[in-house]
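Reviewing the structure listed below.
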Amino acid sequence: MFLQVGGPSWVVPLGRRDATTASQIAANNQIPAPFSNLSTLISMFASKGLTARDMTALSGGHTIGFARCTTFRTRIYNETNIDPNFAAMRRANCPLTGGDANLAPLDLQSPNQFGNDYYRDLIARRGLLHSDQELFNGGTEDALVRTYSNNEGAFLRDFADAMVRMGNISPLTGSNGQIRRNCRVVN
């Protein structure tokens with residue numbers, strides 16, 4: 001599926017063990033919130049052994065997919081580092097109250113195609129999530145966002161490399177977890 005939308009490929013180690021349960025609390029504590037600022041994003045990725053470059057590349061995964069109104073409402077109504085036309089367009093489907101589950105594409109230009117349009121959106125101040133726009137907001141990642149916006153090959157290479165590094169975070173070993181017969185379901 002990932003390759004069908006234009007994403008890169010990378011080598012995935014076989015025989016990895018998967019957990020048999022998931023924890024929403026752990027996910028909420030370990031995955032940055034859509035309201036996070038740049039320093040929080042960098043520190044949360046660093047706590048997992050990933051660099052700021054990895055974080056900026058992996059954030060490009062937001063080139064596909066959608067976000068709920070509750071995750072971007074504050075941005076489109078209260079923030080100033082946003083294209084006013086973009087904010088107005090998003091407000092049409094995300095009222096100040098209600099409509100919490102209404103969806104908007106994370107990448108305005110090509111929400112169903114994996115590519116570097118996400119970074120072009122950031123430069124144009126059309127990042128949907130606060131945490132996305134933080135990557136291009138006068139901070140340390142601005143130059144890399146510009147690079148990715150102009151060089152899709154660099155983005156795709158860095159994304160694939162960062163996916164490998166992310167896949168190597170705390171792998172389960174020994175008798176922990178299971179090697180799945182079907183990766184979509186617990187054995």
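Chain lettering (A, B, ...) mirrors the order of the structure tokens, residue numbering begins at 1 for each chain separately, and ligand numbering begins at 1 in order of display.
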Considering only C-alpha atoms, return as a PyMOL selection string whatever protein or nucleic-acid residues lie within 7 Å of region 140-157 of chain A, sequence-local ones (same chain, fewer than 2 positions apart) excluded. chain A and resi 8+57+115-117+119-120+135-138+159-161
Helix (DSSP H, G or I) call set, DSSP backbone run, region 23-152 of chain A, as a count of residues only:
67
>> Env of Val164 (chain A): 10 Å cut, atoms = only C-alpha atoms, seq-sep filter 3 positions within chain, self excluded. Answer as a PyMOL selection string.
In response: chain A and resi 10-13+158-161+167-169
Put those residues in a file: N, CA, C and O atoms, as a PDB file, in the first residue's frame.
```pdb
ATOM      1  N   TRP A  10      12.135   0.331   2.122  1.00  0.00           N
ATOM      2  CA  TRP A  10      13.293   0.108   2.973  1.00  0.00           C
ATOM      3  C   TRP A  10      13.255  -1.337   3.427  1.00  0.00           C
ATOM      4  O   TRP A  10      12.221  -1.989   3.398  1.00  0.00           O
ATOM      5  N   VAL A  11      14.403  -1.830   3.861  1.00  0.00           N
ATOM      6  CA  VAL A  11      14.527  -3.219   4.300  1.00  0.00           C
ATOM      7  C   VAL A  11      14.028  -3.327   5.738  1.00  0.00           C
ATOM      8  O   VAL A  11      14.457  -2.574   6.616  1.00  0.00           O
ATOM      9  N   VAL A  12      13.115  -4.246   5.964  1.00  0.00           N
ATOM     10  CA  VAL A  12      12.562  -4.489   7.294  1.00  0.00           C
ATOM     11  C   VAL A  12      13.121  -5.820   7.788  1.00  0.00           C
ATOM     12  O   VAL A  12      12.982  -6.839   7.107  1.00  0.00           O
ATOM     13  N   PRO A  13      13.760  -5.840   8.968  1.00  0.00           N
ATOM     14  CA  PRO A  13      14.266  -7.104   9.497  1.00  0.00           C
ATOM     15  C   PRO A  13      13.127  -8.104   9.723  1.00  0.00           C
ATOM     16  O   PRO A  13      12.073  -7.743  10.235  1.00  0.00           O
ATOM     17  N   ASP A 158      15.872  10.179   3.373  1.00  0.00           N
ATOM     18  CA  ASP A 158      15.930  10.412   4.818  1.00  0.00           C
ATOM     19  C   ASP A 158      14.742   9.763   5.530  1.00  0.00           C
ATOM     20  O   ASP A 158      14.886   9.253   6.643  1.00  0.00           O
ATOM     21  N   PHE A 159      13.568   9.790   4.908  1.00  0.00           N
ATOM     22  CA  PHE A 159      12.393   9.157   5.510  1.00  0.00           C
ATOM     23  C   PHE A 159      12.628   7.659   5.669  1.00  0.00           C
ATOM     24  O   PHE A 159      12.391   7.098   6.749  1.00  0.00           O
ATOM     25  N   ALA A 160      13.096   7.000   4.614  1.00  0.00           N
ATOM     26  CA  ALA A 160      13.337   5.551   4.674  1.00  0.00           C
ATOM     27  C   ALA A 160      14.396   5.227   5.732  1.00  0.00           C
ATOM     28  O   ALA A 160      14.226   4.291   6.528  1.00  0.00           O
ATOM     29  N   ASP A 161      15.472   5.996   5.775  1.00  0.00           N
ATOM     30  CA  ASP A 161      16.530   5.763   6.776  1.00  0.00           C
ATOM     31  C   ASP A 161      15.989   5.944   8.196  1.00  0.00           C
ATOM     32  O   ASP A 161      16.293   5.164   9.096  1.00  0.00           O
ATOM     33  N   GLY A 167      12.248   1.742  13.579  1.00  0.00           N
ATOM     34  CA  GLY A 167      11.908   0.334  13.732  1.00  0.00           C
ATOM     35  C   GLY A 167      12.830  -0.414  14.678  1.00  0.00           C
ATOM     36  O   GLY A 167      12.492  -1.499  15.152  1.00  0.00           O
ATOM     37  N   ASN A 168      13.989   0.170  14.961  1.00  0.00           N
ATOM     38  CA  ASN A 168      14.950  -0.464  15.860  1.00  0.00           C
ATOM     39  C   ASN A 168      14.857   0.049  17.289  1.00  0.00           C
ATOM     40  O   ASN A 168      15.700  -0.274  18.124  1.00  0.00           O
ATOM     41  N   ILE A 169      13.830   0.824  17.593  1.00  0.00           N
ATOM     42  CA  ILE A 169      13.643   1.321  18.963  1.00  0.00           C
ATOM     43  C   ILE A 169      13.077   0.201  19.821  1.00  0.00           C
ATOM     44  O   ILE A 169      11.999  -0.322  19.546  1.00  0.00           O
TER      45      ILE A 169
END
```
Report task. Name the residues in contact with Arg90 (chain A) at a cut-off of 12 Å, using only C-alpha atoms, excluding same-chain residues fewer than 4 positions from it; report them as a PyMOL selection string. Result -> chain A and resi 67-69+72-77+82-86+94-96+99+102-106+108+126-129
Saved selection, atoms kept: C-alpha atoms, as a PDB file, in the first residue's frame:
```
ATOM      1  CA  ALA A  67      -6.687  14.962  11.191  1.00  0.00           C
ATOM      2  CA  ARG A  68      -9.743  15.550  13.347  1.00  0.00           C
ATOM      3  CA  CYS A  69     -10.948  19.088  13.948  1.00  0.00           C
ATOM      4  CA  PHE A  72      -6.210  21.698  14.671  1.00  0.00           C
ATOM      5  CA  ARG A  73      -9.054  23.965  15.850  1.00  0.00           C
ATOM      6  CA  THR A  74      -6.805  26.121  18.047  1.00  0.00           C
ATOM      7  CA  ARG A  75      -4.380  26.594  15.151  1.00  0.00           C
ATOM      8  CA  ILE A  76      -6.951  27.784  12.615  1.00  0.00           C
ATOM      9  CA  TYR A  77      -8.712  30.150  15.027  1.00  0.00           C
ATOM     10  CA  ILE A  82      -0.963  30.581   9.256  1.00  0.00           C
ATOM     11  CA  ASP A  83      -2.033  31.548   5.750  1.00  0.00           C
ATOM     12  CA  PRO A  84      -5.348  33.390   6.308  1.00  0.00           C
ATOM     13  CA  ASN A  85      -7.002  31.837   3.258  1.00  0.00           C
ATOM     14  CA  PHE A  86      -5.984  28.363   4.423  1.00  0.00           C
ATOM     15  CA  CYS A  94     -14.215  22.970  11.638  1.00  0.00           C
ATOM     16  CA  PRO A  95     -16.490  25.343  13.555  1.00  0.00           C
ATOM     17  CA  LEU A  96     -15.366  27.053  16.734  1.00  0.00           C
ATOM     18  CA  GLY A  99     -17.712  19.228  14.608  1.00  0.00           C
ATOM     19  CA  ASN A 102     -14.753  16.476  11.148  1.00  0.00           C
ATOM     20  CA  LEU A 103     -11.688  15.624   9.096  1.00  0.00           C
ATOM     21  CA  ALA A 104      -9.250  17.642   7.018  1.00  0.00           C
ATOM     22  CA  PRO A 105      -6.271  16.387   4.990  1.00  0.00           C
ATOM     23  CA  LEU A 106      -2.869  16.846   6.607  1.00  0.00           C
ATOM     24  CA  LEU A 108      -3.554  20.229   1.331  1.00  0.00           C
ATOM     25  CA  ARG A 126      -0.386  25.829   5.548  1.00  0.00           C
ATOM     26  CA  GLY A 127       0.637  23.228   8.113  1.00  0.00           C
ATOM     27  CA  LEU A 128      -2.596  21.851   9.530  1.00  0.00           C
ATOM     28  CA  LEU A 129      -1.279  20.861  12.948  1.00  0.00           C
TER      29      LEU A 129
END
```
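Between CA of Leu38 (chain A) and CA of Met89 (chain A) there is a distance of 25.4 Å.
A straight line drawn from CA of Ser131 (chain A) to CA of Ser36 (chain A) is 5.1 Å long.
Every residue of chain A found in strand (DSSP E or B) when DSSP is run on the backbone appears here: Arg17, Asp18, Phe66, Ala67, Arg68, Leu103, Ala104, Pro105, Leu172 and Gln178 of chain A.
Using only C-alpha atoms, the contacts of Arg165 (chain A) at a cut-off of 9 Å, with sequence neighbours closer than 6 positions omitted, comprise Gly49, Leu50 and Asp54 of chain A.
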File of the preceding selection, all heavy atoms, as a PDB file, in the first residue's frame:
```
ATOM      1  N   GLY A  49      16.135   8.048  20.851  1.00  0.00           N
ATOM      2  CA  GLY A  49      17.370   7.862  20.094  1.00  0.00           C
ATOM      3  C   GLY A  49      17.314   8.387  18.666  1.00  0.00           C
ATOM      4  O   GLY A  49      18.162   8.046  17.845  1.00  0.00           O
ATOM      5  N   LEU A  50      16.327   9.214  18.366  1.00  0.00           N
ATOM      6  CA  LEU A  50      16.185   9.769  17.021  1.00  0.00           C
ATOM      7  C   LEU A  50      16.633  11.226  17.010  1.00  0.00           C
ATOM      8  O   LEU A  50      16.471  11.950  17.998  1.00  0.00           O
ATOM      9  CB  LEU A  50      14.738   9.655  16.545  1.00  0.00           C
ATOM     10  CG  LEU A  50      14.197   8.225  16.442  1.00  0.00           C
ATOM     11  CD1 LEU A  50      12.698   8.229  16.196  1.00  0.00           C
ATOM     12  CD2 LEU A  50      14.914   7.456  15.339  1.00  0.00           C
ATOM     13  N   ASP A  54      15.791  13.092  11.809  1.00  0.00           N
ATOM     14  CA  ASP A  54      14.851  11.970  11.754  1.00  0.00           C
ATOM     15  C   ASP A  54      13.425  12.465  11.983  1.00  0.00           C
ATOM     16  O   ASP A  54      12.502  12.085  11.268  1.00  0.00           O
ATOM     17  CB  ASP A  54      15.176  10.923  12.824  1.00  0.00           C
ATOM     18  CG  ASP A  54      16.480  10.185  12.599  1.00  0.00           C
ATOM     19  OD1 ASP A  54      16.909  10.030  11.439  1.00  0.00           O
ATOM     20  OD2 ASP A  54      17.078   9.743  13.611  1.00  0.00           O
TER      21      ASP A  54
END
```
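Omitting Ser47 (chain A) and its sequence neighbours fewer than 2 positions away, and counting only C-alpha atoms, the residues within 12 Å are Asn29, Gln30, Ile31, Pro32, Thr40, Leu41, Ile42, Ser43, Met44, Phe45, Gly49, Leu50, Thr51, Ala52, Met55, Met166, Ile169 and Ser170 of chain A.
You can rank A:Asp132, A:Asn81, A:Ala87, A:Ala22 by their closest distance to Leu58 (chain A) using only C-alpha atoms, and at the top of that list sits A:Asp132.
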Name the residues in contact with Gln178 (chain A) at a cut-off of 10 Å, using only C-alpha atoms, excluding same-chain residues fewer than 3 positions from it; report them as a compact mmCIF listing (two decimals) with N, CA, C and O atoms, in the first residue's frame.
```
# COMPACT_ATOMS: atom_id res chain seq x y z
N GLY A 15 11.44 -11.69 11.33
CA GLY A 15 11.50 -12.40 12.59
C GLY A 15 11.37 -11.50 13.80
O GLY A 15 11.65 -11.92 14.93
N ARG A 16 10.95 -10.26 13.61
CA ARG A 16 10.78 -9.35 14.74
C ARG A 16 9.58 -9.78 15.56
O ARG A 16 8.60 -10.30 15.06
N ARG A 17 9.67 -9.53 16.85
CA ARG A 17 8.59 -9.88 17.76
C ARG A 17 7.69 -8.67 17.95
O ARG A 17 8.16 -7.55 18.10
N ASP A 18 6.37 -8.91 17.92
CA ASP A 18 5.38 -7.86 18.13
C ASP A 18 4.73 -8.06 19.49
O ASP A 18 4.57 -9.19 19.96
N ALA A 19 4.31 -6.98 20.10
CA ALA A 19 3.58 -7.05 21.36
C ALA A 19 2.21 -7.69 21.11
O ALA A 19 1.68 -7.65 20.01
N THR A 20 1.68 -8.29 22.15
CA THR A 20 0.34 -8.90 22.04
C THR A 20 -0.74 -7.95 22.56
O THR A 20 -1.92 -8.24 22.43
N LEU A 172 11.37 -6.09 20.86
CA LEU A 172 11.10 -7.16 21.83
C LEU A 172 12.02 -8.33 21.53
O LEU A 172 12.29 -8.65 20.37
N THR A 173 12.51 -8.97 22.58
CA THR A 173 13.44 -10.10 22.42
C THR A 173 13.04 -11.24 23.34
O THR A 173 12.15 -11.09 24.18
N GLY A 174 13.70 -12.37 23.18
CA GLY A 174 13.44 -13.53 24.03
C GLY A 174 12.03 -14.02 23.87
O GLY A 174 11.54 -14.20 22.76
N SER A 175 11.34 -14.21 24.99
CA SER A 175 9.96 -14.72 24.94
C SER A 175 8.93 -13.59 24.99
O SER A 175 7.74 -13.85 25.05
N ARG A 181 2.07 -14.83 12.59
CA ARG A 181 1.82 -15.53 11.33
C ARG A 181 1.18 -14.59 10.31
O ARG A 181 1.43 -14.68 9.12
N VAL A 186 -3.04 -10.65 16.26
CA VAL A 186 -2.31 -11.43 17.25
C VAL A 186 -2.56 -12.91 16.93
O VAL A 186 -3.68 -13.29 16.57
N ASN A 187 -1.52 -13.75 17.08
CA ASN A 187 -1.67 -15.20 16.80
C ASN A 187 -2.77 -15.81 17.66
O ASN A 187 -3.05 -15.44 18.74
```
